[in-house]
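To start, the structure itself, in structure tokens.
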Amino acid sequence: MDLGLRKRVALVTGASRGLGYATAFRLAEEGAHVALCARNEKPLQEAAQRIAEATQAEVLAVPCDVTEPEALEGFLDAALANWGRVDILVTNAGGPPPGQFDTLNQEQWEQAANLTLFPVVRAIRQVLPVMRSAQWGRILNITSIAVKQPVQDLLLSNAMRSAVVGLAKTLADEVAADGVTVNNIAPGYFNTERLQQLMKARAEKAGISQQEQQDIYARNVPLGRIGDPMEFADFAAFLCSERAAYITGATFQIDGGLYRGMT
Ligand code: NAP
């Protein structure tokens, strides 16, 4: 199946490793030009080089912390200046820290909004006029299974990601007539640095090895294993493609069956 992504311009935030990187890689493999950002320049440049070498795609890497509005604006402007258009926006970053209600203060709530919600709002605000004038656009937010079922001890993530879903669902309706789709992916467990860090912290708390903790996670998944980020990226690239033109306002869990709810 030809996804129709050749020469489309895709912007992926938080893309030097993990799910963002895998998504940028797949989009590039499908012929898109990709712009990536992350905070740390060296791993970002290395990621961009790996993608360019493996796919021959045009790749632009701009160091940027998405919590800093001017830096985020600069990243999006750089991509626009480079290609004169933006067709696809994939929003992603790290997740907020763990914590329960009694342990989280107001400042931590505000930082979580500054990381998980506001960069999505700002990035969309900046690219939407370009997509509208082209009458074509794909906005895809990487959220979490937390939007389907809250994850224990991750109150900030559960709350802020649900706000992103509320934004996407409402916006999808507002921009549908302009050929712009807005969707979310809610990942379960994927083998990334963030998941390894979360498993390490849980293993230490439980007094078990990291491998034992990983086995516990895997046993909890009906498919019996943790996902490969490239499996995530396969579906992400599809949602960003021409082929997904009739899909909008939707949130898809990709989780090996981890989510047990009916809807
Ligand atoms: P990851 O391996 O930690 O990768 C995060 C990427 O985002 C890195 O490239 C990181 O680079 C970049 N980043 C982090 N903070 C940033 C910021 N403020 N500005 C710009 N870039 C930033 O994480 P992941 O596992 O791929 O997860 C991606 C998202 O999916 C996270 O929000 C995570 O919570 C969520 N999620 C993941 C899983 C999973 O199983 N992996 C499950 C559910 C939800 P720098 O550090 O250099 O900035």
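So you can find residues: chains in the structure tokens are A, B, ... in the order shown, residues in each start at 1, and ligands are numbered from 1 in order.
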
- Task: Check stretch 158-229 of chain A with DSSP on the backbone and list each residue it calls strand (DSSP E or B), as a PyMOL selection string.
- Result: chain A and resi 180-187+190+227

Please produce a file of those selected residues containing C-alpha atoms, as a JSON list (two decimals), in the first residue's frame.
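To be explicit, this is the file written out as selection.json:
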```json
[["chain", "number", "residue", "atom", "x", "y", "z"],
["A", 180, "VAL", "CA", -7.07, 18.46, 8.50],
["A", 181, "THR", "CA", -7.37, 15.38, 10.71],
["A", 182, "VAL", "CA", -6.57, 15.28, 14.42],
["A", 183, "ASN", "CA", -5.97, 11.99, 16.24],
["A", 184, "ASN", "CA", -4.24, 10.55, 19.30],
["A", 185, "ILE", "CA", -2.33, 7.36, 19.91],
["A", 186, "ALA", "CA", -2.41, 5.94, 23.42],
["A", 187, "PRO", "CA", 0.60, 3.63, 23.85],
["A", 190, "PHE", "CA", 6.97, 0.13, 24.55],
["A", 227, "GLY", "CA", 6.07, -3.52, 22.25]]
```

- Item | Surroundings of ligand 1 up to 8 Å, based on only C-alpha atoms and all ligand atoms, as a ChimeraX atom specification | /A:13-21,37-41,43-44,63-67,92-96,115-116,142-146,157,186-195,226-227,229

- When you draw a straight line from atom CA of A:Ala61 to atom CA of A:Ala35, how long is it in Å?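 Distance reported for this atom pair: 5.7 Å.
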
- Query: Could you pull out all residues of stretch 63-221 of chain A with a DSSP call of alpha helix (DSSP H) and give them as an MDAnalysis selection string?
  - Reply: chainID A and resid 69:83 106:112 118:134 155:175 193:206 210:220

- Query: atom CA of A:Thr55 to atom CA of A:Arg225: how many Å, to one decimal?
  - Reply: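 Computing the Euclidean distance for atom CA of A:Thr55 and atom CA of A:Arg225 yields 28.4 Å.
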
- Residues within 9 Å of stretch 212-220 of chain A, only C-alpha atoms, excluding chain neighbours under 2 positions, as a list in words: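 The residues satisfying every condition are Tyr189, Gln196, Met199, Lys200, Arg202, Ala203, Ala206, Ile208, Ser209, Gln210, Pro222, Leu223, Gly224, Arg225, Ile226 and Leu258 of chain A.
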
Could you turn the residues from that selection into a file that holds C-alpha atoms, as a PDB file, in the first residue's frame?
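Okay, this is what ended up in out.pdb:
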```pdb
ATOM      1  CA  TYR A 189       4.245  -0.509  27.130  1.00  0.00           C
ATOM      2  CA  GLN A 196      13.205   1.366  31.297  1.00  0.00           C
ATOM      3  CA  MET A 199      10.601  -0.075  35.434  1.00  0.00           C
ATOM      4  CA  LYS A 200      13.880   0.587  37.270  1.00  0.00           C
ATOM      5  CA  ARG A 202       9.327   0.274  40.328  1.00  0.00           C
ATOM      6  CA  ALA A 203      11.831  -2.577  40.656  1.00  0.00           C
ATOM      7  CA  ALA A 206       9.527  -3.549  45.108  1.00  0.00           C
ATOM      8  CA  ILE A 208      13.221  -6.984  42.700  1.00  0.00           C
ATOM      9  CA  SER A 209      15.489  -6.911  39.657  1.00  0.00           C
ATOM     10  CA  GLN A 210      14.673  -4.794  36.603  1.00  0.00           C
ATOM     11  CA  PRO A 222      -2.326 -10.322  26.655  1.00  0.00           C
ATOM     12  CA  LEU A 223       0.194 -10.557  23.800  1.00  0.00           C
ATOM     13  CA  GLY A 224       2.788 -11.428  26.443  1.00  0.00           C
ATOM     14  CA  ARG A 225       5.474  -8.894  25.640  1.00  0.00           C
ATOM     15  CA  ILE A 226       6.457  -5.248  25.602  1.00  0.00           C
ATOM     16  CA  LEU A 258      -3.307  -4.219  27.904  1.00  0.00           C
TER      17      LEU A 258
END
```
